[in-house]
Structures are given as structure tokens and as C-alpha cells.
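> input.cif is reproduced below (mmCIF, C-alpha atoms and all ligand atoms).
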```
data_coords
#
loop_
_atom_site.label_atom_id
_atom_site.label_comp_id
_atom_site.auth_asym_id
_atom_site.auth_seq_id
_atom_site.Cartn_x
_atom_site.Cartn_y
_atom_site.Cartn_z
CA MET A 1 -2.54 3.84 4.28
CA THR A 2 -5.81 3.16 2.61
CA ALA A 3 -5.48 -0.53 2.00
CA GLU A 4 -7.96 -1.64 -0.54
CA ALA A 5 -9.44 -5.05 -0.06
CA PRO A 6 -8.44 -7.08 -3.09
CA ARG A 7 -11.17 -8.56 -5.20
CA GLU A 8 -11.89 -12.21 -4.72
CA THR A 9 -9.87 -14.85 -6.44
CA LEU A 10 -10.41 -18.57 -6.39
CA THR A 11 -7.64 -21.02 -6.20
CA THR A 12 -7.13 -23.84 -8.56
CA GLY A 13 -4.81 -26.78 -8.10
CA ALA A 14 -1.07 -26.60 -7.77
CA VAL A 15 1.00 -25.45 -10.69
CA PRO A 16 4.19 -27.37 -10.02
CA THR A 17 6.38 -25.43 -12.42
CA HIS A 18 5.89 -22.20 -10.55
CA GLY A 19 4.34 -22.86 -7.19
CA ARG A 20 0.63 -22.31 -7.35
CA ASP A 21 -1.50 -19.75 -9.05
CA THR A 22 -4.99 -18.45 -8.90
CA GLY A 23 -7.71 -18.02 -11.42
CA PRO A 24 -10.66 -15.66 -11.40
CA LEU A 25 -13.62 -16.40 -9.19
CA ASP A 26 -17.04 -16.63 -10.79
CA GLU A 27 -19.01 -15.23 -7.91
CA PRO A 28 -16.95 -12.81 -5.90
CA GLY A 29 -17.58 -12.94 -2.19
CA GLU A 30 -18.96 -16.43 -1.93
CA GLN A 31 -15.81 -18.33 -1.23
CA VAL A 32 -14.15 -16.31 1.48
CA VAL A 33 -13.28 -18.18 4.68
CA VAL A 34 -11.73 -15.39 6.64
CA ARG A 35 -11.38 -11.72 5.94
CA ALA A 36 -9.51 -8.94 7.69
CA GLU A 37 -10.83 -5.47 7.03
CA ALA A 38 -8.44 -2.62 7.86
CA VAL A 39 -7.11 -4.49 10.87
CA SER A 40 -4.57 -2.87 13.19
CA LYS A 41 -3.03 -4.24 16.35
CA LEU A 42 -1.29 -1.91 18.79
CA PHE A 43 0.63 -3.04 21.84
CA ALA A 44 1.24 -0.61 24.70
CA VAL A 45 4.91 -0.98 25.61
CA GLU A 46 7.00 0.58 28.39
CA GLN A 47 9.41 3.23 27.20
CA GLY A 48 12.72 3.97 28.86
CA TRP A 49 14.16 2.68 32.10
CA PHE A 50 12.45 4.99 34.50
CA GLY A 51 8.87 4.36 33.55
CA ARG A 52 8.49 7.38 31.32
CA GLY A 53 5.13 6.07 30.27
CA LYS A 54 3.84 3.74 27.60
CA LYS A 55 4.01 4.09 23.88
CA ASP A 56 2.09 2.34 21.17
CA LEU A 57 3.82 -0.29 19.11
CA ARG A 58 1.90 -0.71 15.89
CA ALA A 59 2.52 -4.38 15.12
CA VAL A 60 -0.16 -4.62 12.43
CA ASP A 61 -1.14 -1.52 10.54
CA ASN A 62 -4.36 -1.32 8.56
CA VAL A 63 -4.23 -4.72 6.89
CA SER A 64 -7.01 -6.00 4.65
CA LEU A 65 -6.74 -9.56 3.40
CA ALA A 66 -9.10 -12.37 2.49
CA VAL A 67 -8.40 -16.10 2.43
CA HIS A 68 -10.62 -18.29 0.27
CA ILE A 69 -11.77 -21.86 0.59
CA GLY A 70 -8.98 -24.27 -0.28
CA GLU A 71 -6.49 -21.45 -0.70
CA THR A 72 -3.03 -20.94 0.75
CA VAL A 73 -2.06 -17.32 1.24
CA GLY A 74 1.62 -16.90 1.97
CA LEU A 75 2.61 -14.09 4.32
CA VAL A 76 6.28 -13.11 4.15
CA GLY A 77 8.47 -10.46 5.69
CA GLU A 78 11.43 -9.96 7.96
CA SER A 79 11.41 -10.89 11.62
CA GLY A 80 9.26 -8.61 13.74
CA CYS A 81 7.17 -7.24 10.86
CA GLY A 82 3.94 -8.49 12.42
CA LYS A 83 3.23 -11.81 10.70
CA SER A 84 2.46 -13.82 13.83
CA THR A 85 0.50 -10.98 15.39
CA PHE A 86 -1.65 -10.75 12.28
CA GLY A 87 -2.21 -14.54 12.24
CA ARG A 88 -3.26 -14.50 15.87
CA VAL A 89 -5.57 -11.55 15.39
CA LEU A 90 -7.24 -13.33 12.48
CA LEU A 91 -8.03 -16.24 14.79
CA ARG A 92 -9.02 -13.88 17.59
CA LEU A 93 -6.26 -15.29 19.78
CA LEU A 94 -5.43 -11.59 20.06
CA ASP A 95 -7.99 -8.83 19.86
CA PRO A 96 -7.64 -6.33 17.03
CA THR A 97 -7.29 -2.71 18.11
CA TYR A 98 -9.01 -1.43 14.97
CA GLY A 99 -10.75 -3.03 12.03
CA ARG A 100 -12.97 -6.02 11.55
CA ILE A 101 -12.57 -9.75 11.11
CA ARG A 102 -15.09 -11.94 9.43
CA PHE A 103 -15.14 -15.70 9.52
CA GLU A 104 -17.34 -16.91 6.68
CA ASP A 105 -20.50 -14.83 7.14
CA THR A 106 -19.94 -13.97 10.77
CA ASP A 107 -18.36 -10.80 12.11
CA ILE A 108 -16.18 -12.22 14.87
CA THR A 109 -14.47 -8.95 15.84
CA LYS A 110 -16.35 -8.50 19.08
CA MET A 111 -17.38 -12.07 19.86
CA THR A 112 -16.51 -13.41 23.31
CA GLN A 113 -14.29 -16.47 23.60
CA ARG A 114 -17.37 -18.46 24.62
CA GLU A 115 -19.22 -17.34 21.51
CA LEU A 116 -16.16 -18.19 19.43
CA ARG A 117 -15.95 -21.71 20.77
CA PRO A 118 -18.07 -23.45 18.13
CA LEU A 119 -16.06 -21.66 15.43
CA ARG A 120 -12.76 -22.77 16.97
CA ARG A 121 -13.46 -26.17 15.44
CA ARG A 122 -12.71 -24.58 12.11
CA MET A 123 -10.03 -22.07 13.11
CA GLN A 124 -6.75 -23.55 14.19
CA ILE A 125 -3.06 -22.74 14.41
CA ILE A 126 0.10 -24.75 13.83
CA PHE A 127 3.20 -23.33 15.52
CA GLN A 128 6.80 -23.04 14.50
CA ASP A 129 8.21 -24.87 17.45
CA PRO A 130 6.18 -28.01 17.93
CA TYR A 131 8.10 -28.87 21.08
CA SER A 132 7.27 -25.82 23.14
CA SER A 133 3.65 -25.96 22.04
CA LEU A 134 3.16 -29.57 23.18
CA ASN A 135 2.74 -30.28 26.89
CA PRO A 136 5.78 -32.42 27.81
CA ARG A 137 3.91 -34.21 30.58
CA MET A 138 1.12 -35.45 28.36
CA THR A 139 1.18 -38.47 26.08
CA VAL A 140 0.28 -38.03 22.45
CA ARG A 141 -3.00 -39.78 23.22
CA GLN A 142 -3.75 -37.11 25.84
CA ILE A 143 -2.54 -34.18 23.73
CA VAL A 144 -4.70 -35.03 20.74
CA GLY A 145 -7.52 -36.37 22.94
CA GLU A 146 -7.68 -33.12 24.89
CA ALA A 147 -8.71 -31.18 21.80
CA ILE A 148 -11.43 -33.75 21.13
CA GLN A 149 -12.66 -33.45 24.73
CA ILE A 150 -12.76 -29.64 24.71
CA HIS A 151 -15.20 -29.81 21.85
CA ASP A 152 -17.00 -32.86 23.19
CA LEU A 153 -16.60 -34.72 19.92
CA ALA A 154 -16.27 -38.31 21.14
CA LYS A 155 -19.10 -40.51 22.43
CA ASN A 156 -16.84 -42.20 24.95
CA SER A 157 -13.21 -42.91 25.71
CA ARG A 158 -13.04 -45.81 23.25
CA ASP A 159 -14.44 -43.59 20.52
CA GLU A 160 -11.90 -40.89 21.42
CA GLU A 161 -9.07 -43.39 21.18
CA ASP A 162 -10.24 -44.47 17.75
CA MET A 163 -10.36 -40.86 16.66
CA VAL A 164 -6.83 -40.22 17.93
CA ALA A 165 -5.57 -43.35 16.13
CA ALA A 166 -7.21 -42.23 12.88
CA LEU A 167 -5.67 -38.76 13.20
CA LEU A 168 -2.21 -40.16 13.85
CA ALA A 169 -2.54 -42.35 10.78
CA LYS A 170 -3.63 -39.35 8.77
CA VAL A 171 -0.51 -37.39 9.69
CA GLY A 172 1.74 -40.38 9.11
CA LEU A 173 2.45 -41.50 12.67
CA ARG A 174 2.19 -45.08 13.89
CA ALA A 175 -0.51 -45.98 16.39
CA ASP A 176 2.10 -46.83 19.04
CA ALA A 177 2.92 -43.12 19.18
CA MET A 178 -0.13 -42.75 21.41
CA THR A 179 1.50 -43.83 24.63
CA ARG A 180 4.68 -41.83 24.11
CA TYR A 181 5.67 -38.32 25.19
CA PRO A 182 6.71 -35.39 22.95
CA HIS A 183 10.41 -35.62 23.84
CA GLU A 184 10.53 -39.12 22.40
CA PHE A 185 9.91 -37.79 18.90
CA SER A 186 12.03 -36.01 16.30
CA GLY A 187 11.21 -32.43 15.27
CA GLY A 188 9.34 -33.54 12.16
CA GLN A 189 7.32 -36.10 14.12
CA ARG A 190 6.48 -33.50 16.73
CA GLN A 191 5.21 -31.21 14.03
CA ARG A 192 3.01 -34.10 12.84
CA ILE A 193 1.61 -34.32 16.38
CA GLY A 194 0.93 -30.57 16.32
CA ILE A 195 -0.89 -30.97 13.01
CA ALA A 196 -2.91 -33.92 14.35
CA ARG A 197 -3.94 -31.81 17.33
CA ALA A 198 -5.01 -28.93 15.08
CA LEU A 199 -6.96 -31.31 12.83
CA ALA A 200 -8.53 -33.21 15.72
CA VAL A 201 -11.35 -30.74 16.01
CA MET A 202 -11.73 -29.89 12.34
CA ASP A 203 -15.12 -30.54 10.93
CA LYS A 204 -14.55 -32.83 7.95
CA ASN A 205 -17.68 -31.63 6.20
CA THR A 206 -17.02 -27.93 6.39
CA GLY A 207 -13.25 -27.63 6.07
CA GLY A 208 -11.50 -24.96 8.04
CA PHE A 209 -8.89 -22.28 8.30
CA VAL A 210 -5.43 -22.92 9.71
CA VAL A 211 -2.75 -20.35 10.45
CA CYS A 212 0.53 -22.14 9.79
CA ASP A 213 3.02 -19.97 11.67
CA GLU A 214 6.48 -20.88 10.36
CA PRO A 215 5.51 -24.56 10.54
CA ILE A 216 8.76 -25.84 9.08
CA SER A 217 11.33 -23.22 10.08
CA ALA A 218 12.54 -25.20 13.09
CA LEU A 219 12.88 -28.45 11.13
CA ASP A 220 15.80 -30.03 9.31
CA VAL A 221 15.77 -29.21 5.61
CA SER A 222 15.37 -32.92 4.83
CA ILE A 223 12.14 -33.02 6.87
CA GLN A 224 10.68 -29.71 5.67
CA ALA A 225 9.41 -31.07 2.37
CA GLN A 226 7.63 -33.94 4.10
CA ILE A 227 5.70 -31.57 6.35
CA VAL A 228 4.89 -29.22 3.47
CA ASN A 229 3.62 -32.15 1.43
CA LEU A 230 1.56 -33.41 4.36
CA LEU A 231 -0.02 -29.97 4.77
CA GLN A 232 -0.85 -29.88 1.06
CA GLU A 233 -2.37 -33.38 1.10
CA LEU A 234 -4.51 -32.49 4.10
CA GLN A 235 -5.56 -29.27 2.45
CA GLU A 236 -6.88 -31.13 -0.56
CA GLU A 237 -8.48 -33.93 1.41
CA LEU A 238 -10.20 -31.72 3.98
CA GLY A 239 -10.74 -28.54 1.97
CA LEU A 240 -8.57 -26.52 4.32
CA SER A 241 -7.49 -22.92 3.85
CA TYR A 242 -4.13 -21.74 5.09
CA LEU A 243 -2.42 -18.52 6.03
CA PHE A 244 1.14 -19.74 5.60
CA ILE A 245 3.54 -17.51 7.51
CA SER A 246 7.20 -17.71 6.66
CA HIS A 247 10.28 -15.60 6.16
CA ASP A 248 11.45 -18.17 3.61
CA LEU A 249 10.35 -16.97 0.19
CA LYS A 250 11.22 -20.21 -1.50
CA VAL A 251 8.83 -22.14 0.70
CA VAL A 252 6.15 -19.51 0.24
CA GLU A 253 6.59 -19.65 -3.52
CA TYR A 254 6.16 -23.41 -3.40
CA VAL A 255 3.05 -23.60 -1.21
CA SER A 256 1.06 -20.43 -1.85
CA HIS A 257 -1.67 -19.55 -4.29
CA ARG A 258 -1.40 -15.91 -3.35
CA VAL A 259 1.32 -14.05 -1.53
CA ALA A 260 1.30 -10.96 0.69
CA VAL A 261 4.55 -9.19 1.54
CA MET A 262 4.60 -7.43 4.90
CA TYR A 263 6.85 -4.61 6.04
CA LEU A 264 6.54 -3.00 9.48
CA GLY A 265 2.98 -4.19 9.92
CA ARG A 266 1.72 -3.18 6.50
CA ILE A 267 1.14 -5.18 3.36
CA VAL A 268 3.32 -3.58 0.70
CA GLU A 269 2.63 -6.00 -2.14
CA GLN A 270 0.04 -8.66 -2.75
CA ALA A 271 -0.66 -10.77 -5.81
CA SER A 272 -1.09 -14.26 -7.16
CA ASN A 273 2.01 -16.37 -6.67
CA LYS A 274 2.97 -16.20 -10.31
CA SER A 275 2.46 -12.48 -10.69
CA LEU A 276 4.28 -11.63 -7.47
CA PHE A 277 7.37 -13.66 -8.24
CA GLU A 278 7.48 -12.63 -11.87
CA ARG A 279 6.80 -8.92 -11.50
CA ARG A 280 7.82 -8.00 -7.92
CA HIS A 281 6.95 -4.36 -8.29
CA HIS A 282 7.79 -3.23 -4.77
CA PRO A 283 11.47 -2.43 -4.10
CA TYR A 284 11.16 -4.29 -0.79
CA THR A 285 9.87 -7.44 -2.49
CA ARG A 286 12.79 -7.17 -4.92
CA ALA A 287 15.24 -6.89 -2.06
CA LEU A 288 13.70 -9.89 -0.30
CA LEU A 289 13.74 -11.93 -3.49
CA SER A 290 17.29 -11.06 -4.27
CA ALA A 291 18.25 -12.71 -1.02
CA ILE A 292 17.04 -16.11 -2.27
CA PRO A 293 20.13 -18.08 -3.24
CA VAL A 294 19.76 -19.25 -6.80
CA PRO A 295 21.75 -22.44 -7.42
CA ASP A 296 22.37 -21.81 -11.13
CA PRO A 297 24.81 -18.87 -11.45
CA ALA A 298 23.56 -18.09 -14.95
CA ARG A 299 20.16 -17.30 -13.46
CA ARG A 300 21.50 -15.36 -10.53
CA ARG A 301 19.43 -12.28 -10.04
CA LEU A 302 20.86 -8.89 -9.48
CA ARG A 303 21.42 -8.71 -5.78
CA VAL A 304 19.75 -5.73 -4.19
CA LEU A 305 21.11 -5.42 -0.73
CA LEU A 306 18.91 -3.89 1.90
CA GLU A 307 20.54 -1.03 3.71
CA GLY A 308 20.10 -0.62 7.43
CA ASP A 309 18.05 -2.52 9.96
CA VAL A 310 14.32 -2.85 10.21
CA PRO A 311 13.14 0.35 11.96
CA SER A 312 11.25 0.07 15.23
CA PRO A 313 7.47 -0.19 14.97
CA ILE A 314 7.32 2.01 18.09
CA ASP A 315 8.76 4.95 16.18
CA PRO A 316 8.39 4.09 12.51
CA PRO A 317 9.66 6.31 9.68
CA SER A 318 7.12 8.74 8.24
CA ALA A 319 4.81 8.00 5.29
CA CYS A 320 6.19 4.99 3.40
CA THR A 321 7.99 3.28 6.28
CA PHE A 322 10.38 1.57 3.87
CA HIS A 323 11.75 4.89 2.61
CA PRO A 324 15.00 5.01 4.68
CA ARG A 325 16.10 1.70 3.12
CA CYS A 326 14.66 2.13 -0.34
CA PRO A 327 16.81 2.46 -3.48
CA LYS A 328 13.98 4.37 -5.17
CA PHE A 329 13.47 6.89 -2.37
CA GLN A 330 12.51 10.39 -3.44
CA LYS A 331 12.58 13.11 -0.86
CA GLY A 332 9.40 15.09 -0.45
CA VAL A 333 7.29 12.21 -1.76
CA CYS A 334 8.09 8.92 -0.05
CA ASP A 335 8.74 10.52 3.35
CA VAL A 336 5.66 12.72 3.13
CA GLU A 337 2.86 10.74 1.58
CA THR A 338 1.86 7.19 2.48
CA PRO A 339 1.39 5.20 -0.72
CA PRO A 340 -1.94 3.35 -0.79
CA LEU A 341 -2.06 -0.35 -1.65
CA ARG A 342 -3.38 -0.09 -5.19
CA GLU A 343 -3.91 -2.37 -8.13
CA LEU A 344 -1.17 -1.43 -10.56
CA VAL A 345 -2.92 -2.62 -13.69
CA PRO A 346 -6.71 -2.69 -13.37
CA GLY A 347 -7.90 -6.30 -13.24
CA SER A 348 -4.43 -7.68 -12.57
CA GLU A 349 -5.18 -8.48 -8.91
CA HIS A 350 -1.64 -7.32 -8.26
CA PHE A 351 -1.54 -4.73 -5.50
CA VAL A 352 1.40 -2.61 -4.54
CA ALA A 353 1.96 0.21 -2.05
CA CYS A 354 4.72 2.26 -3.65
CA HIS A 355 5.02 5.68 -5.31
CA PHE A 356 7.68 4.42 -7.71
CA PRO A 357 6.98 0.75 -8.35
CA GLU A 358 9.33 -1.18 -10.57
CA ASP A 359 7.96 -2.24 -13.94
CA ALA A 360 8.36 -5.86 -14.71
N1 LIG B 401 2.62 -9.16 23.29
C1 LIG B 401 3.38 -8.21 22.75
N2 LIG B 401 3.65 -7.07 23.42
C2 LIG B 401 4.39 -6.10 22.87
N3 LIG B 401 4.93 -6.17 21.65
C3 LIG B 401 4.71 -7.27 20.93
C4 LIG B 401 3.93 -8.36 21.44
N4 LIG B 401 3.86 -9.33 20.50
C5 LIG B 401 4.58 -8.88 19.45
N5 LIG B 401 5.08 -7.66 19.71
C6 LIG B 401 5.89 -6.83 18.79
O1 LIG B 401 5.14 -6.68 17.61
C7 LIG B 401 5.98 -6.71 16.46
C8 LIG B 401 5.55 -7.82 15.53
O2 LIG B 401 5.85 -9.07 16.16
P1 LIG B 401 5.50 -10.46 15.48
O3 LIG B 401 5.87 -11.53 16.43
O4 LIG B 401 4.09 -10.44 15.03
O5 LIG B 401 6.46 -10.47 14.23
P2 LIG B 401 6.81 -11.67 13.21
O6 LIG B 401 6.74 -11.08 11.84
O7 LIG B 401 5.97 -12.84 13.49
O8 LIG B 401 8.33 -11.96 13.55
P3 LIG B 401 9.15 -13.36 13.48
O9 LIG B 401 9.47 -13.60 12.02
O10 LIG B 401 10.37 -13.09 14.29
O11 LIG B 401 8.29 -14.43 14.07
C9 LIG B 401 7.40 -6.86 16.99
O12 LIG B 401 7.98 -5.57 17.10
C10 LIG B 401 7.19 -7.46 18.37
O13 LIG B 401 8.24 -7.09 19.24
MG MG B 402 6.41 -14.81 14.11
#
```
Go through the file and emit its structure as C-alpha cells.
Ligand SMILES: Nc1ncnc2c1ncn2[C@@H]1O[C@H](COP(=O)(O)OP(=O)(O)OP(=O)(O)O)[C@@H](O)[C@H]1O
Ligand SMILES: [Mg+2]

Amino acid sequence: MTAEAPRETLTTGAVPTHGRDTGPLDEPGEQVVVRAEAVSKLFAVEQGWFGRGKKDLRAVDNVSLAVHIGETVGLVGESGCGKSTFGRVLLRLLDPTYGRIRFEDTDITKMTQRELRPLRRRMQIIFQDPYSSLNPRMTVRQIVGEAIQIHDLAKNSRDEEDMVAALLAKVGLRADAMTRYPHEFSGGQRQRIGIARALAVMDKNTGGFVVCDEPISALDVSIQAQIVNLLQELQEELGLSYLFISHDLKVVEYVSHRVAVMYLGRIVEQASNKSLFERRHHPYTRALLSAIPVPDPARRRLRVLLEGDVPSPIDPPSACTFHPRCPKFQKGVCDVETPPLRELVPGSEHFVACHFPEDA
């Protein structure tokens, strides 16, 4: 697939009636925080029971994507399609097999972890399960303080404590949380601790990039909105940029300025929030969207059921990897030629990788 890097777009504020949307950027290129250029990530996995050798599992396949300052890019797709792997590669928590990653003006593809350390202050991750990502034997004071220590940000212990207290206040936790352990908190509160830890090292003057990997999926529905709102407030206050990973399209529609839809490691559709949800050119996007329960029956969309399971990324289908499940499949085309990610209407910033995209 020849994934074309989309042209730059700048985000404006939230558009509450339909999630968020983007407007054109005056000076393309200036506002990018992080950019993946034709990034692939392969894992070597054992095949068979008797050690018949290793095979490549292509978790991320030739993905190009840019995130701009203050922007939230939503990344959606079914389980196992490569969302987390891509997020980790962007942060260089995993090394890309092919392609390049830029953070602001720096090519970080080949940087050592030591060289990356100063940049880590502006590249963070928030996990789905705040419990397993917080050390159960450490107090909240120690968990958040540790991040501050790693980057040597406090003058002394008193200063560190003040910083932790300020961070807890920022994420809506009381100061007495400091002396308590993760298990003493509810899921939502634990996610607030995880956010405080990610923010602890963020440079307030320069903003930063945060991969939010299913940050609310493990939480009660009643708590999800609180965490989403907190993330949005922090984004505005600190000028943060997010890659917001989720399999929940409704959440992605609510938080994202732009949305990328992933299928078996590839981006199959990418557009501004509004354009993606209104037009949904790719049959896979349509299928995903049709799975969103719509409360008002009069507005219920035609349900397009996806046939079959997600194929294995070890042995993916030929050409367009969605073809065995696609209602628009045409033999001799879709199974032979990989559709490039292309802008359907020039200037629309709406990209789709399909030979027979749906008109909207
Ligand atoms: N360390 C690894 N070694 C081998 N295979 C891996 C590894 N990490 C991920 N994979 C595989 O790569 C593919 C993508 O996994 P990934 O976790 O990125 O998907 P995901 O979209 O985040 O899924 P989910 O929605 O379930 O979190 C899967 O097939 C997974 O089994
Ligand atoms: Mg994941």
C-alpha cells in the first residue's frame, strides 16, 4: 500500500454538535508534533507446535499519520488490528521495523533510549488498565514522585511533594490521596493517578504528546465521561496532543478532531471527524459505524453486519486485506491489487483505501 501522508490540518476548538472538526492550516508543516512515515512493525512469532520456524506477524503495515499541536487523532479498529502497537511505536516504546518517526523536528527513529530521555518529558502514555500499570506497593506520592525524580525536576523532596500535590489537584484528586495505595481507589480515580503520572513530567511551556490507549474502556460508563472531560480540559490548559486509541466509535467521535480507521495494521480511512462520520466511504468504516447502537429508532442506520472473523496478521488475505469480509468485493480487483490510501476528492483531506468506495 502506498499510504500518502495527509496534508496538514490544524485543529480548532470542539464542535459540540458533532464531536470536533478541523480547519485548514495556514502554514503546512509547522504544527506537527509527531509524524509516522510509512511505519511498519513486524513481530517474529513461533509457528506450529514443533518449532517449525518463525513467521512474521505484520502488526502495523505502512502507516503514515501526523498529529498536530493541540489535536486529538482518534484511532479505531477491531481488537488486534495494531492500534496499541502503533501507539507504542510512535513513542519509541517499540522500535519500528520500517519507516520513520519524527517528533517535532527530530527524527527519533534510530535514537537510543538515552538520547530519547529528554524528549520523554513530552511523550507519554496513558493505559487502559490503570490498576495493572500502577505499582501496587507504592503510594500515590511515590508513583507520581518517581516520574519527577527520573527527570530530576524537583529541587528537593519538599519541592517534589508540592509538585505531586499540585498534580493531584489538577486531575481532581484530594491531597490526602498521596499516602494511599492504588488498591484503595476506584477505577476512575486510578485512571486519574495514571494521568497525573503522565503529566508529572510534561513541560508546561512546550505541551506534549500523549498516547491515550483505551483510557476509559475499563471504567464504568458513569465515570467515562469524567475522564474524557478531564483529558479535554488538560489538553486545552497544557496544549497537549493526543492519539486517542479506542474501539468505541462513539467515544472517538466525541473526542477526536481527526479520525483514522485501522484494519489489520493498515489505515483504511482517515478524515476530519465530521467528514469521516458523515461520509464513511470505506465499507469497513460503514460496518463499524453500523454497530453503534443508535437510541432513536427513527435514526437507526442500516445495519451492515461484518461477515467472518478478523483474519490473522500472520497470514493476511491478499491485496485489500478486507476483501474476504467486504460487501463490495470484486474478484480480480480487490484480491489482486492493494488499494492505495488516496484523497477521494482533491482538497477534501478525506483519505480512503478502497477500489469501490461508497459515495456519501
Ligand atoms: N509483542 C508481541 N509479539 C507478537 N505479536 C504481538 C506482540 N504485540 C502485539 N502482537 C500482535 O500484533 C497484533 C496487533 O496487536 P495490538 O495489541 O497492537 O492490537 P490492538 O488493536 O491494540 O488490539 P486491542 O483492541 O485488543 O487492544 C495482534 O495480532 C497481536 O497479537
Ligand atoms: Mg490495544
> To one decimal place in Å, what is the distance between atom O8 of ligand LIG 401 (chain B) and atom CA of A:Leu65?
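These two atoms are separated by 18.3 Å.
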> Kindly compile the residues surrounding ligand MG 402 (chain B) within 9 Å, counting only C-alpha atoms and all ligand atoms, and format them as a PDB file with C-alpha atoms, keeping the file's coordinate frame.

```pdb
ATOM      1  CA  SER A  79      11.410 -10.890  11.620  1.00  0.00           C
ATOM      2  CA  GLY A  80       9.260  -8.610  13.740  1.00  0.00           C
ATOM      3  CA  CYS A  81       7.170  -7.240  10.860  1.00  0.00           C
ATOM      4  CA  GLY A  82       3.940  -8.490  12.420  1.00  0.00           C
ATOM      5  CA  LYS A  83       3.230 -11.810  10.700  1.00  0.00           C
ATOM      6  CA  SER A  84       2.460 -13.820  13.830  1.00  0.00           C
ATOM      7  CA  THR A  85       0.500 -10.980  15.390  1.00  0.00           C
ATOM      8  CA  GLY A  87      -2.210 -14.540  12.240  1.00  0.00           C
ATOM      9  CA  GLN A 128       6.800 -23.040  14.500  1.00  0.00           C
ATOM     10  CA  ASP A 213       3.020 -19.970  11.670  1.00  0.00           C
ATOM     11  CA  GLU A 214       6.480 -20.880  10.360  1.00  0.00           C
ATOM     12  CA  ILE A 245       3.540 -17.510   7.510  1.00  0.00           C
ATOM     13  CA  SER A 246       7.200 -17.710   6.660  1.00  0.00           C
ATOM     14  CA  HIS A 247      10.280 -15.600   6.160  1.00  0.00           C
TER      15      HIS A 247
END
```
> When you count only C-alpha atoms, which of these residues is closest to A:Leu230: A:Ser133, A:Asn273, A:Gln113, A:Gln191?
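Selected residue with least distance to A:Leu230: A:Gln191.
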> Find, counting all atoms listed in the file, the residue in A:Gly77, A:Gly347, A:Gly145, A:Pro317 that gets nearest to ligand LIG 401 (chain B).
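Looking at the shortest contact to ligand LIG 401 (chain B), the residue is A:Gly77.
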> For ligand LIG 401 (chain B), which residue among A:Ala44, A:Leu134, A:Val310, A:Val261 is the nearest when counting all atoms listed in the file?
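Closest candidate: A:Ala44.
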